[in-house]
file upload02.cif (mmCIF, C-alpha atoms and all ligand atoms)
data_input
loop_
_atom_site.group_PDB
_atom_site.id
_atom_site.type_symbol
_atom_site.label_atom_id
_atom_site.label_comp_id
_atom_site.auth_asym_id
_atom_site.auth_seq_id
_atom_site.Cartn_x
_atom_site.Cartn_y
_atom_site.Cartn_z
ATOM 1 C CA MET F 1 -22.026 -18.013 -49.775
ATOM 2 C CA ARG F 2 -19.277 -15.754 -50.980
ATOM 3 C CA LEU F 3 -20.337 -13.082 -48.489
ATOM 4 C CA ASN F 4 -20.277 -15.562 -45.616
ATOM 5 C CA TYR F 5 -16.805 -16.640 -46.622
ATOM 6 C CA ARG F 6 -15.635 -13.018 -46.537
ATOM 7 C CA ILE F 7 -17.149 -12.494 -43.106
ATOM 8 C CA ILE F 8 -15.347 -15.576 -41.804
ATOM 9 C CA LEU F 9 -12.051 -14.296 -43.206
ATOM 10 C CA LEU F 10 -12.640 -10.906 -41.635
ATOM 11 C CA VAL F 11 -13.396 -12.425 -38.235
ATOM 12 C CA LEU F 12 -10.257 -14.559 -38.464
ATOM 13 C CA ALA F 13 -8.164 -11.527 -39.384
ATOM 14 C CA MET F 14 -9.575 -9.538 -36.452
ATOM 15 C CA GLY F 15 -8.726 -12.423 -34.150
ATOM 16 C CA LEU F 16 -5.150 -12.426 -35.412
ATOM 17 C CA THR F 17 -4.782 -8.663 -34.971
ATOM 18 C CA LYS F 18 -6.036 -8.866 -31.408
ATOM 19 C CA SER F 19 -3.682 -11.671 -30.390
ATOM 20 C CA SER F 20 -0.701 -10.107 -32.150
ATOM 21 C CA LEU F 21 -1.286 -6.919 -30.150
ATOM 22 C CA ALA F 22 -1.082 -8.821 -26.859
ATOM 23 C CA ALA F 23 2.499 -8.354 -25.758
ATOM 24 C CA LEU F 24 2.439 -10.030 -22.374
ATOM 25 C CA ASN F 25 1.108 -13.352 -21.157
ATOM 26 C CA VAL F 26 -0.069 -12.852 -17.588
ATOM 27 C CA PHE F 27 -0.733 -15.742 -15.226
ATOM 28 C CA ALA F 28 -2.823 -14.529 -12.272
ATOM 29 C CA CYS F 29 -3.076 -16.761 -9.222
ATOM 30 C CA GLU F 30 -6.515 -15.416 -8.231
ATOM 31 C CA PRO F 31 -9.421 -13.777 -10.098
ATOM 32 C CA GLU F 32 -8.907 -10.377 -8.412
ATOM 33 C CA TRP F 33 -5.430 -10.097 -9.952
ATOM 34 C CA ALA F 34 -6.630 -11.370 -13.323
ATOM 35 C CA SER F 35 -9.233 -8.614 -13.297
ATOM 36 C CA LEU F 36 -6.727 -5.930 -12.278
ATOM 37 C CA ALA F 37 -4.227 -7.077 -14.931
ATOM 38 C CA GLU F 38 -6.952 -6.966 -17.598
ATOM 39 C CA THR F 39 -8.050 -3.501 -16.512
ATOM 40 C CA LEU F 40 -4.498 -2.130 -16.544
ATOM 41 C CA GLY F 41 -3.182 -4.105 -19.495
ATOM 42 C CA GLY F 42 -6.131 -3.825 -21.887
ATOM 43 C CA ASP F 43 -5.531 -5.531 -25.210
ATOM 44 C CA ARG F 44 -1.763 -5.638 -24.686
ATOM 45 C CA VAL F 45 -2.058 -8.489 -22.192
ATOM 46 C CA LYS F 46 -3.466 -11.984 -22.364
ATOM 47 C CA VAL F 47 -4.557 -12.986 -18.888
ATOM 48 C CA VAL F 48 -5.362 -16.387 -17.417
ATOM 49 C CA SER F 49 -6.451 -17.019 -13.840
ATOM 50 C CA ALA F 50 -5.290 -20.158 -12.037
ATOM 51 C CA THR F 51 -8.350 -20.171 -9.799
ATOM 52 C CA THR F 52 -11.991 -19.141 -9.736
ATOM 53 C CA ALA F 53 -13.994 -17.513 -6.944
ATOM 54 C CA TYR F 54 -15.322 -20.948 -6.061
ATOM 55 C CA GLN F 55 -11.893 -22.407 -5.290
ATOM 56 C CA ASP F 56 -10.003 -22.027 -2.032
ATOM 57 C CA PRO F 57 -6.825 -20.171 -3.092
ATOM 58 C CA HIS F 58 -4.852 -21.755 -0.199
ATOM 59 C CA ARG F 59 -5.423 -25.219 -1.614
ATOM 60 C CA ILE F 60 -5.132 -25.759 -5.349
ATOM 61 C CA GLU F 61 -3.976 -28.832 -7.168
ATOM 62 C CA ALA F 62 -0.870 -28.196 -9.327
ATOM 63 C CA ARG F 63 -2.467 -29.614 -12.488
ATOM 64 C CA PRO F 64 -0.487 -30.115 -15.763
ATOM 65 C CA SER F 65 -2.688 -27.510 -17.506
ATOM 66 C CA LEU F 66 -1.560 -24.915 -14.935
ATOM 67 C CA ILE F 67 2.100 -25.896 -15.382
ATOM 68 C CA ALA F 68 1.746 -25.296 -19.138
ATOM 69 C CA LYS F 69 0.262 -21.849 -18.479
ATOM 70 C CA VAL F 70 3.131 -20.885 -16.140
ATOM 71 C CA ARG F 71 5.588 -22.096 -18.799
ATOM 72 C CA ARG F 72 4.093 -19.635 -21.318
ATOM 73 C CA ALA F 73 3.799 -16.722 -18.870
ATOM 74 C CA ASP F 74 5.788 -13.470 -18.996
ATOM 75 C CA LEU F 75 4.382 -12.325 -15.672
ATOM 76 C CA LEU F 76 2.919 -14.028 -12.592
ATOM 77 C CA VAL F 77 0.601 -11.878 -10.482
ATOM 78 C CA CYS F 78 -0.207 -13.465 -7.133
ATOM 79 C CA SER F 79 -1.322 -12.460 -3.638
ATOM 80 C CA GLY F 80 1.877 -13.710 -2.011
ATOM 81 C CA ALA F 81 2.466 -13.757 1.765
ATOM 82 C CA GLU F 82 2.392 -17.545 1.454
ATOM 83 C CA LEU F 83 -1.226 -17.732 0.255
ATOM 84 C CA GLU F 84 -0.100 -19.899 -2.668
ATOM 85 C CA ILE F 85 2.728 -21.698 -0.848
ATOM 86 C CA GLY F 86 0.981 -25.065 -1.176
ATOM 87 C CA TRP F 87 0.889 -25.024 -4.985
ATOM 88 C CA LEU F 88 2.688 -22.155 -6.728
ATOM 89 C CA PRO F 89 6.331 -23.174 -5.988
ATOM 90 C CA MET F 90 5.518 -26.608 -7.420
ATOM 91 C CA LEU F 91 4.063 -25.044 -10.597
ATOM 92 C CA GLN F 92 7.158 -22.836 -10.961
ATOM 93 C CA ARG F 93 9.512 -25.796 -10.501
ATOM 94 C CA GLN F 94 7.689 -27.928 -13.037
ATOM 95 C CA ALA F 95 7.264 -25.141 -15.591
ATOM 96 C CA GLY F 96 10.989 -24.399 -15.905
ATOM 97 C CA ASN F 97 10.385 -20.775 -16.871
ATOM 98 C CA PRO F 98 13.174 -18.680 -15.280
ATOM 99 C CA LYS F 99 11.441 -15.368 -16.160
ATOM 100 C CA VAL F 100 8.712 -15.867 -13.553
ATOM 101 C CA LEU F 101 10.745 -17.028 -10.566
ATOM 102 C CA ARG F 102 10.758 -15.050 -7.313
ATOM 103 C CA GLY F 103 13.062 -12.037 -7.545
ATOM 104 C CA GLN F 104 12.640 -11.734 -11.336
ATOM 105 C CA PRO F 105 10.667 -8.868 -12.984
ATOM 106 C CA GLY F 106 8.183 -11.504 -14.168
ATOM 107 C CA TYR F 107 7.135 -12.281 -10.596
ATOM 108 C CA PHE F 108 4.759 -9.878 -8.822
ATOM 109 C CA GLU F 109 3.347 -10.333 -5.322
ATOM 110 C CA ALA F 110 0.563 -7.976 -4.251
ATOM 111 C CA ALA F 111 1.282 -8.469 -0.532
ATOM 112 C CA ASP F 112 4.822 -7.187 -1.089
ATOM 113 C CA GLN F 113 3.557 -3.786 -2.224
ATOM 114 C CA ILE F 114 1.612 -2.846 0.908
ATOM 115 C CA GLU F 115 1.723 -2.831 4.679
ATOM 116 C CA ARG F 116 0.548 -6.275 5.758
ATOM 117 C CA LEU F 117 -1.738 -6.996 8.680
ATOM 118 C CA GLY F 118 -1.553 -9.916 11.084
ATOM 119 C CA ILE F 119 2.175 -10.629 10.973
ATOM 120 C CA PRO F 120 2.598 -12.999 13.925
ATOM 121 C CA ASP F 121 5.093 -12.131 16.702
ATOM 122 C CA SER F 122 5.946 -15.780 17.002
ATOM 123 C CA LEU F 123 4.735 -18.736 15.063
ATOM 124 C CA ASP F 124 3.859 -22.257 15.972
ATOM 125 C CA ARG F 125 3.147 -23.988 12.686
ATOM 126 C CA SER F 126 2.003 -27.093 14.533
ATOM 127 C CA MET F 127 -1.091 -25.087 15.415
ATOM 128 C CA GLY F 128 -1.993 -25.061 11.714
ATOM 129 C CA ASP F 129 -1.831 -21.298 11.226
ATOM 130 C CA ILE F 130 -1.616 -20.740 7.467
ATOM 131 C CA HIS F 131 -1.027 -16.987 7.710
ATOM 132 C CA ALA F 132 2.593 -17.313 8.735
ATOM 133 C CA SER F 133 3.805 -14.243 6.807
ATOM 134 C CA GLY F 134 0.909 -12.036 7.787
ATOM 135 C CA ASN F 135 -2.554 -11.986 6.289
ATOM 136 C CA PRO F 136 -2.412 -12.560 2.508
ATOM 137 C CA HIS F 137 -6.002 -11.546 1.610
ATOM 138 C CA VAL F 138 -4.877 -8.051 0.671
ATOM 139 C CA HIS F 139 -7.294 -7.193 -2.158
ATOM 140 C CA LEU F 140 -10.244 -6.447 0.112
ATOM 141 C CA ASP F 141 -8.974 -3.012 1.128
ATOM 142 C CA PRO F 142 -9.550 -0.695 -1.857
ATOM 143 C CA ARG F 143 -6.924 1.772 -0.570
ATOM 144 C CA ARG F 144 -4.232 -0.906 -0.589
ATOM 145 C CA LEU F 145 -5.578 -2.119 -3.925
ATOM 146 C CA SER F 146 -4.895 1.308 -5.341
ATOM 147 C CA THR F 147 -1.227 1.073 -4.249
ATOM 148 C CA ILE F 148 -0.985 -2.416 -5.745
ATOM 149 C CA ALA F 149 -2.492 -1.153 -9.038
ATOM 150 C CA THR F 150 0.201 1.532 -9.339
ATOM 151 C CA ALA F 151 2.959 -1.012 -8.727
ATOM 152 C CA LEU F 152 1.447 -3.466 -11.206
ATOM 153 C CA SER F 153 1.088 -0.793 -13.878
ATOM 154 C CA ASP F 154 4.767 0.131 -13.415
ATOM 155 C CA ARG F 155 5.681 -3.525 -13.734
ATOM 156 C CA LEU F 156 3.763 -3.903 -17.011
ATOM 157 C CA ALA F 157 5.529 -0.819 -18.391
ATOM 158 C CA ASN F 158 8.865 -2.178 -17.234
ATOM 159 C CA LEU F 159 8.352 -5.580 -18.862
ATOM 160 C CA ASP F 160 6.917 -4.136 -22.073
ATOM 161 C CA PRO F 161 8.474 -0.652 -22.566
ATOM 162 C CA THR F 162 7.065 -0.301 -26.103
ATOM 163 C CA ASN F 163 3.589 -0.047 -24.606
ATOM 164 C CA ALA F 164 4.562 1.922 -21.479
ATOM 165 C CA ASP F 165 2.493 5.000 -22.405
ATOM 166 C CA TYR F 166 -0.533 2.835 -23.071
ATOM 167 C CA TYR F 167 -0.260 1.194 -19.613
ATOM 168 C CA ARG F 168 0.213 4.582 -17.925
ATOM 169 C CA LYS F 169 -2.862 6.022 -19.613
ATOM 170 C CA ARG F 170 -4.988 3.054 -18.602
ATOM 171 C CA HIS F 171 -3.709 3.309 -15.036
ATOM 172 C CA ASP F 172 -4.601 7.018 -14.879
ATOM 173 C CA GLU F 173 -8.146 6.245 -16.030
ATOM 174 C CA PHE F 174 -8.476 3.396 -13.532
ATOM 175 C CA SER F 175 -7.068 5.505 -10.726
ATOM 176 C CA GLN F 176 -9.533 8.296 -11.303
ATOM 177 C CA SER F 177 -12.582 5.993 -11.393
ATOM 178 C CA TRP F 178 -11.272 4.091 -8.368
ATOM 179 C CA GLU F 179 -10.837 7.267 -6.285
ATOM 180 C CA GLU F 180 -14.396 8.304 -7.128
ATOM 181 C CA ALA F 181 -15.696 4.848 -6.212
ATOM 182 C CA LEU F 182 -13.730 4.946 -2.942
ATOM 183 C CA GLN F 183 -15.492 8.144 -1.880
ATOM 184 C CA ARG F 184 -18.860 6.654 -2.822
ATOM 185 C CA TRP F 185 -18.207 3.410 -0.930
ATOM 186 C CA LYS F 186 -16.934 5.209 2.154
ATOM 187 C CA THR F 187 -20.158 7.233 2.401
ATOM 188 C CA ARG F 188 -22.342 4.214 1.719
ATOM 189 C CA ALA F 189 -20.513 2.136 4.311
ATOM 190 C CA LEU F 190 -20.926 4.617 7.168
ATOM 191 C CA PRO F 191 -23.646 2.490 8.861
ATOM 192 C CA LEU F 192 -21.129 -0.393 9.005
ATOM 193 C CA VAL F 193 -18.446 1.478 10.948
ATOM 194 C CA GLY F 194 -17.973 -0.236 14.318
ATOM 195 C CA ALA F 195 -20.148 -3.209 13.318
ATOM 196 C CA ARG F 196 -19.120 -6.647 14.606
ATOM 197 C CA LEU F 197 -18.991 -9.612 12.214
ATOM 198 C CA VAL F 198 -18.145 -13.280 12.604
ATOM 199 C CA VAL F 199 -16.009 -14.663 9.759
ATOM 200 C CA HIS F 200 -15.473 -18.207 8.523
ATOM 201 C CA HIS F 201 -11.769 -17.676 7.784
ATOM 202 C CA GLN F 202 -9.696 -14.552 8.479
ATOM 203 C CA ASP F 203 -9.980 -13.368 4.888
ATOM 204 C CA TRP F 204 -11.714 -10.064 5.680
ATOM 205 C CA GLU F 205 -9.041 -8.390 7.838
ATOM 206 C CA TYR F 206 -8.148 -5.744 5.236
ATOM 207 C CA PHE F 207 -11.788 -4.949 4.515
ATOM 208 C CA PHE F 208 -12.401 -4.538 8.259
ATOM 209 C CA ASP F 209 -9.294 -2.381 8.591
ATOM 210 C CA TRP F 210 -10.609 -0.079 5.848
ATOM 211 C CA LEU F 211 -14.080 0.393 7.308
ATOM 212 C CA GLY F 212 -13.435 0.040 11.036
ATOM 213 C CA ILE F 213 -15.398 -3.216 11.344
ATOM 214 C CA ILE F 214 -14.629 -5.538 14.267
ATOM 215 C CA ARG F 215 -14.034 -9.275 13.927
ATOM 216 C CA ALA F 216 -16.273 -10.798 16.610
ATOM 217 C CA GLY F 217 -15.022 -14.348 16.048
ATOM 218 C CA SER F 218 -13.966 -16.937 13.473
ATOM 219 C CA LEU F 219 -15.598 -20.251 12.641
ATOM 220 C CA GLU F 220 -12.109 -21.684 12.159
ATOM 221 C CA PRO F 221 -10.371 -22.017 15.554
ATOM 222 C CA LYS F 222 -7.176 -20.791 13.808
ATOM 223 C CA PRO F 223 -6.679 -19.725 10.168
ATOM 224 C CA GLY F 224 -6.655 -22.934 8.145
ATOM 225 C CA LEU F 225 -7.831 -25.266 10.903
ATOM 226 C CA PRO F 226 -11.110 -27.092 10.263
ATOM 227 C CA VAL F 227 -14.287 -25.900 11.957
ATOM 228 C CA SER F 228 -15.257 -28.090 14.936
ATOM 229 C CA SER F 229 -18.573 -28.374 16.740
ATOM 230 C CA GLY F 230 -16.788 -27.808 20.068
ATOM 231 C CA HIS F 231 -15.486 -24.479 18.789
ATOM 232 C CA ILE F 232 -18.955 -23.485 17.484
ATOM 233 C CA VAL F 233 -20.453 -24.090 20.927
ATOM 234 C CA LYS F 234 -17.751 -21.949 22.594
ATOM 235 C CA LEU F 235 -18.293 -19.233 19.998
ATOM 236 C CA LYS F 236 -22.057 -19.271 20.590
ATOM 237 C CA LYS F 237 -21.508 -18.665 24.321
ATOM 238 C CA ARG F 238 -19.148 -15.795 23.669
ATOM 239 C CA LEU F 239 -21.453 -14.167 21.125
ATOM 240 C CA GLN F 240 -24.480 -14.233 23.431
ATOM 241 C CA GLN F 241 -23.056 -11.419 25.537
ATOM 242 C CA GLU F 242 -22.777 -9.094 22.553
ATOM 243 C CA PRO F 243 -24.486 -10.428 19.407
ATOM 244 C CA PRO F 244 -22.727 -9.472 16.138
ATOM 245 C CA LEU F 245 -24.453 -8.080 13.062
ATOM 246 C CA ALA F 246 -23.884 -11.199 10.942
ATOM 247 C CA ILE F 247 -21.834 -14.311 10.240
ATOM 248 C CA ILE F 248 -20.094 -13.970 6.878
ATOM 249 C CA TYR F 249 -18.738 -16.648 4.575
ATOM 250 C CA THR F 250 -17.635 -16.684 0.961
ATOM 251 C CA ALA F 251 -18.394 -18.534 -2.267
ATOM 252 C CA TYR F 252 -15.316 -20.746 -1.775
ATOM 253 C CA GLN F 253 -16.245 -21.850 1.736
ATOM 254 C CA SER F 254 -18.831 -24.414 2.781
ATOM 255 C CA PRO F 255 -21.865 -22.567 4.192
ATOM 256 C CA ARG F 256 -22.571 -25.372 6.685
ATOM 257 C CA ALA F 257 -20.799 -23.989 9.749
ATOM 258 C CA ALA F 258 -22.103 -20.446 9.203
ATOM 259 C CA LYS F 259 -25.655 -21.714 8.794
ATOM 260 C CA ARG F 260 -25.327 -23.971 11.868
ATOM 261 C CA LEU F 261 -24.179 -21.058 14.034
ATOM 262 C CA SER F 262 -26.922 -18.900 12.553
ATOM 263 C CA GLN F 263 -29.527 -21.549 13.444
ATOM 264 C CA ILE F 264 -28.506 -21.809 17.079
ATOM 265 C CA THR F 265 -28.004 -18.070 17.659
ATOM 266 C CA GLY F 266 -30.503 -16.352 15.346
ATOM 267 C CA ILE F 267 -27.679 -14.202 13.921
ATOM 268 C CA PRO F 268 -28.042 -13.919 10.113
ATOM 269 C CA ALA F 269 -25.518 -15.733 7.888
ATOM 270 C CA VAL F 270 -24.490 -13.800 4.761
ATOM 271 C CA GLU F 271 -22.588 -15.097 1.741
ATOM 272 C CA LEU F 272 -20.203 -12.512 0.258
ATOM 273 C CA PRO F 273 -18.529 -12.700 -3.150
ATOM 274 C CA TYR F 274 -14.909 -12.302 -1.818
ATOM 275 C CA THR F 275 -13.512 -11.942 -5.333
ATOM 276 C CA VAL F 276 -14.440 -11.284 -8.961
ATOM 277 C CA GLY F 277 -16.893 -13.932 -10.142
ATOM 278 C CA GLY F 278 -18.015 -14.784 -6.600
ATOM 279 C CA ALA F 279 -21.620 -13.672 -7.164
ATOM 280 C CA GLU F 280 -23.885 -12.781 -10.027
ATOM 281 C CA GLY F 281 -23.008 -9.376 -11.447
ATOM 282 C CA VAL F 282 -19.568 -9.296 -9.805
ATOM 283 C CA VAL F 283 -17.621 -8.927 -13.032
ATOM 284 C CA ASP F 284 -14.766 -6.657 -11.906
ATOM 285 C CA LEU F 285 -13.250 -5.058 -8.817
ATOM 286 C CA PHE F 286 -15.785 -2.203 -8.820
ATOM 287 C CA THR F 287 -18.807 -4.515 -8.742
ATOM 288 C CA LEU F 288 -17.044 -6.662 -6.129
ATOM 289 C CA PHE F 289 -17.137 -3.810 -3.591
ATOM 290 C CA ASP F 290 -20.598 -2.635 -4.730
ATOM 291 C CA GLU F 291 -22.098 -6.074 -4.121
ATOM 292 C CA THR F 292 -20.233 -6.706 -0.849
ATOM 293 C CA LEU F 293 -21.482 -3.440 0.649
ATOM 294 C CA LYS F 294 -25.010 -4.041 -0.651
ATOM 295 C CA ARG F 295 -25.209 -7.473 1.017
ATOM 296 C CA LEU F 296 -23.836 -6.215 4.328
ATOM 297 C CA LEU F 297 -26.081 -3.154 4.422
ATOM 298 C CA GLU F 298 -29.108 -5.391 3.823
ATOM 299 C CA VAL F 299 -28.654 -7.128 7.205
ATOM 300 C CA ILE F 300 -28.610 -3.917 9.238
ATOM 301 C CA PRO F 301 -31.918 -3.942 11.145
HETATM 302 ZN ZN ZN R 401 -6.152 -17.210 4.451
#
call {"tool": "encode", "arguments": {"input": "upload02.cif", "output": "structure tokens"}}
result
Amino acid sequence: MRLNYRIILLVLAMGLTKSSLAALNVFACEPEWASLAETLGGDRVKVVSATTAYQDPHRIEARPSLIAKVRRADLLVCSGAELEIGWLPMLQRQAGNPKVLRGQPGYFEAADQIERLGIPDSLDRSMGDIHASGNPHVHLDPRRLSTIATALSDRLANLDPTNADYYRKRHDEFSQSWEEALQRWKTRALPLVGARLVVHHQDWEYFFDWLGIIRAGSLEPKPGLPVSSGHIVKLKKRLQQEPPLAIIYTAYQSPRAAKRLSQITGIPAVELPYTVGGAEGVVDLFTLFDETLKRLLEVIP
């Protein structure tokens, strides 16, 4: 009995040490940024993610539990480029935490750190285009992700100077492993260069830009607009002339439209993880790219 009691005390003490080490509360809008913040921040950060891989990051309900998390946060890490425009400003307003407002050091947008794709020349919002500030799905290009990681590491050091050396060391380790993985992925992905893929939503533009993959069509008539059967029929006609390798969709999208198009064309439909947690074994950013490439390479005849 006495021994058990001691073990309990020890476990409690360890728990206290761990939480007292954590210097920064990080609120990540999406799982990819939660994962990156954990990798770079180690035990000096306490990270929560507002969404999971099974939730559409464009459309999240601003729940009271999320407001409370933003209130406690020292740093918000989000995709930006208006991906979270439907819910994040509301959370920030309700939370009343001036540290994490736009323009403050406690507010970090990944899309701000890199060159964005798909910035429209002119915009007609009545057409339902939800990528008004360019494409916000920036994490799917590992080269851009590397740039974002450097900026995020600097931000952690800036917000928590006592632990700056610790963050720098972790970033160096990440950077080295990431560069090695990049070389490995690039070689593995060679058979995909020039491949044509149909997407559900335009959330793969950065991945395609990295590997030289061509978007052969989208199930959504415009980013954010619902899939219609009329559009599927038009798409089918267009694809007959030059059939693509596959139709891809993600864990947060309904597979119905992709499977319907697959049925009527014979083109395989493939579910991809999209972010950390989006498939079994996808536990970090490394396994995200490993699994994505594996699933795409499997459909090459
Ligand atoms: Zn989008």
call {"tool": "closest_residue", "arguments": {"input": "upload02.cif", "among": "F:Ala279, F:Leu239, F:Val47, F:Val193", "to": "Tyr252 (chain F)", "atoms": "all atoms listed in the file"}}
result
F:Ala279
call {"tool": "residues_near_ligand", "arguments": {"input": "upload02.cif", "ligand": "ligand ZN 401 (chain R)", "cutoff": "8 Å", "atoms": "only C-alpha atoms and all ligand atoms", "output": "PDB file with C-alpha atoms, in the coordinates of the input"}}
result
ATOM      1  CA  HIS F  58      -4.852 -21.755  -0.199  1.00  0.00           C
ATOM      2  CA  LEU F  83      -1.226 -17.732   0.255  1.00  0.00           C
ATOM      3  CA  ILE F 130      -1.616 -20.740   7.467  1.00  0.00           C
ATOM      4  CA  HIS F 131      -1.027 -16.987   7.710  1.00  0.00           C
ATOM      5  CA  ASN F 135      -2.554 -11.986   6.289  1.00  0.00           C
ATOM      6  CA  PRO F 136      -2.412 -12.560   2.508  1.00  0.00           C
ATOM      7  CA  HIS F 137      -6.002 -11.546   1.610  1.00  0.00           C
ATOM      8  CA  HIS F 201     -11.769 -17.676   7.784  1.00  0.00           C
ATOM      9  CA  GLN F 202      -9.696 -14.552   8.479  1.00  0.00           C
ATOM     10  CA  ASP F 203      -9.980 -13.368   4.888  1.00  0.00           C
ATOM     11  CA  PRO F 223      -6.679 -19.725  10.168  1.00  0.00           C
ATOM     12  CA  GLY F 224      -6.655 -22.934   8.145  1.00  0.00           C
TER      13      GLY F 224
END
call {"tool": "resolve_selection", "arguments": {"input": "upload02.cif", "expression": "the PyMOL selection byres (((chain F and resi 78) around 9) and not hetatm)", "output": "PDB file with C-alpha atoms, keeping the file's coordinate frame"}}
result
ATOM      1  CA  PHE F  27      -0.733 -15.742 -15.226  1.00  0.00           C
ATOM      2  CA  ALA F  28      -2.823 -14.529 -12.272  1.00  0.00           C
ATOM      3  CA  CYS F  29      -3.076 -16.761  -9.222  1.00  0.00           C
ATOM      4  CA  GLU F  30      -6.515 -15.416  -8.231  1.00  0.00           C
ATOM      5  CA  TRP F  33      -5.430 -10.097  -9.952  1.00  0.00           C
ATOM      6  CA  LEU F  76       2.919 -14.028 -12.592  1.00  0.00           C
ATOM      7  CA  VAL F  77       0.601 -11.878 -10.482  1.00  0.00           C
ATOM      8  CA  SER F  79      -1.322 -12.460  -3.638  1.00  0.00           C
ATOM      9  CA  GLY F  80       1.877 -13.710  -2.011  1.00  0.00           C
ATOM     10  CA  LEU F  83      -1.226 -17.732   0.255  1.00  0.00           C
ATOM     11  CA  GLU F  84      -0.100 -19.899  -2.668  1.00  0.00           C
ATOM     12  CA  TYR F 107       7.135 -12.281 -10.596  1.00  0.00           C
ATOM     13  CA  PHE F 108       4.759  -9.878  -8.822  1.00  0.00           C
ATOM     14  CA  GLU F 109       3.347 -10.333  -5.322  1.00  0.00           C
ATOM     15  CA  ALA F 110       0.563  -7.976  -4.251  1.00  0.00           C
ATOM     16  CA  ALA F 111       1.282  -8.469  -0.532  1.00  0.00           C
TER      17      ALA F 111
END
call {"tool": "closest_residue", "arguments": {"input": "upload02.cif", "among": "F:Lys234, F:Arg102, F:His200, F:Arg260", "to": "Lys222 (chain F)", "atoms": "only C-alpha atoms"}}
result
F:His200
call {"tool": "closest_residue", "arguments": {"input": "upload02.cif", "among": "F:Ala95, F:Gly86, F:Phe207, F:Gln55", "to": "Lys69 (chain F)", "atoms": "only C-alpha atoms"}}
result
F:Ala95
call {"tool": "resolve_selection", "arguments": {"input": "upload02.cif", "expression": "the PyMOL selection byres (((chain F and resi 288-294) around 9) and not hetatm)", "output": "PyMOL selection string"}}
result
chain F and resi 140+142+185+188-189+192+272-279+281-287+295-298
call {"tool": "atom_distance", "arguments": {"input": "upload02.cif", "atom1": "CA of His139 (chain F)", "atom2": "CA of Gln113 (chain F)"}}
result
11.4 Å
call {"tool": "atom_distance", "arguments": {"input": "upload02.cif", "atom1": "CA of Val233 (chain F)", "atom2": "CA of Val199 (chain F)"}}
result
15.3 Å
call {"tool": "residues_around", "arguments": {"input": "upload02.cif", "residues": "Arg196 (chain F)", "least_positions_apart": "3", "cutoff": "7 Å", "atoms": "only C-alpha atoms", "output": "ChimeraX atom specification"}}
result
/F:213-216,244-245
call {"tool": "closest_residue", "arguments": {"input": "upload02.cif", "among": "F:Ile67, F:Leu117, F:Val26, F:Ile264", "to": "Ser133 (chain F)", "atoms": "all atoms listed in the file"}}
result
F:Leu117
call {"tool": "atom_distance", "arguments": {"input": "upload02.cif", "atom1": "CA of Gly217 (chain F)", "atom2": "CA of Tyr249 (chain F)"}}
result
12.3 Å
call {"tool": "closest_residue", "arguments": {"input": "upload02.cif", "among": "F:Leu88, F:Leu211, F:Ala258, F:Ala246", "to": "Ser229 (chain F)", "atoms": "all atoms listed in the file"}}
result
F:Ala258
call {"tool": "decode", "arguments": {"input": "upload02.cif", "residues": "region 55-70 of chain F", "atoms": "C-alpha atoms", "output": "PDB file, in the first residue's frame"}}
result
ATOM      1  CA  GLN F  55     -13.311  18.346 -39.840  1.00  0.00           C
ATOM      2  CA  ASP F  56     -13.503  20.783 -42.729  1.00  0.00           C
ATOM      3  CA  PRO F  57     -11.183  23.621 -41.618  1.00  0.00           C
ATOM      4  CA  HIS F  58     -13.194  26.165 -43.682  1.00  0.00           C
ATOM      5  CA  ARG F  59     -16.290  25.506 -41.607  1.00  0.00           C
ATOM      6  CA  ILE F  60     -15.954  25.129 -37.856  1.00  0.00           C
ATOM      7  CA  GLU F  61     -18.429  26.074 -35.196  1.00  0.00           C
ATOM      8  CA  ALA F  62     -17.054  28.696 -32.757  1.00  0.00           C
ATOM      9  CA  ARG F  63     -17.866  26.613 -29.666  1.00  0.00           C
ATOM     10  CA  PRO F  64     -17.446  27.977 -26.080  1.00  0.00           C
ATOM     11  CA  SER F  65     -14.722  25.372 -25.395  1.00  0.00           C
ATOM     12  CA  LEU F  66     -12.677  26.832 -28.278  1.00  0.00           C
ATOM     13  CA  ILE F  67     -13.207  30.389 -27.003  1.00  0.00           C
ATOM     14  CA  ALA F  68     -11.817  29.322 -23.609  1.00  0.00           C
ATOM     15  CA  LYS F  69      -8.749  27.825 -25.302  1.00  0.00           C
ATOM     16  CA  VAL F  70      -8.082  31.026 -27.285  1.00  0.00           C
TER      17      VAL F  70
END
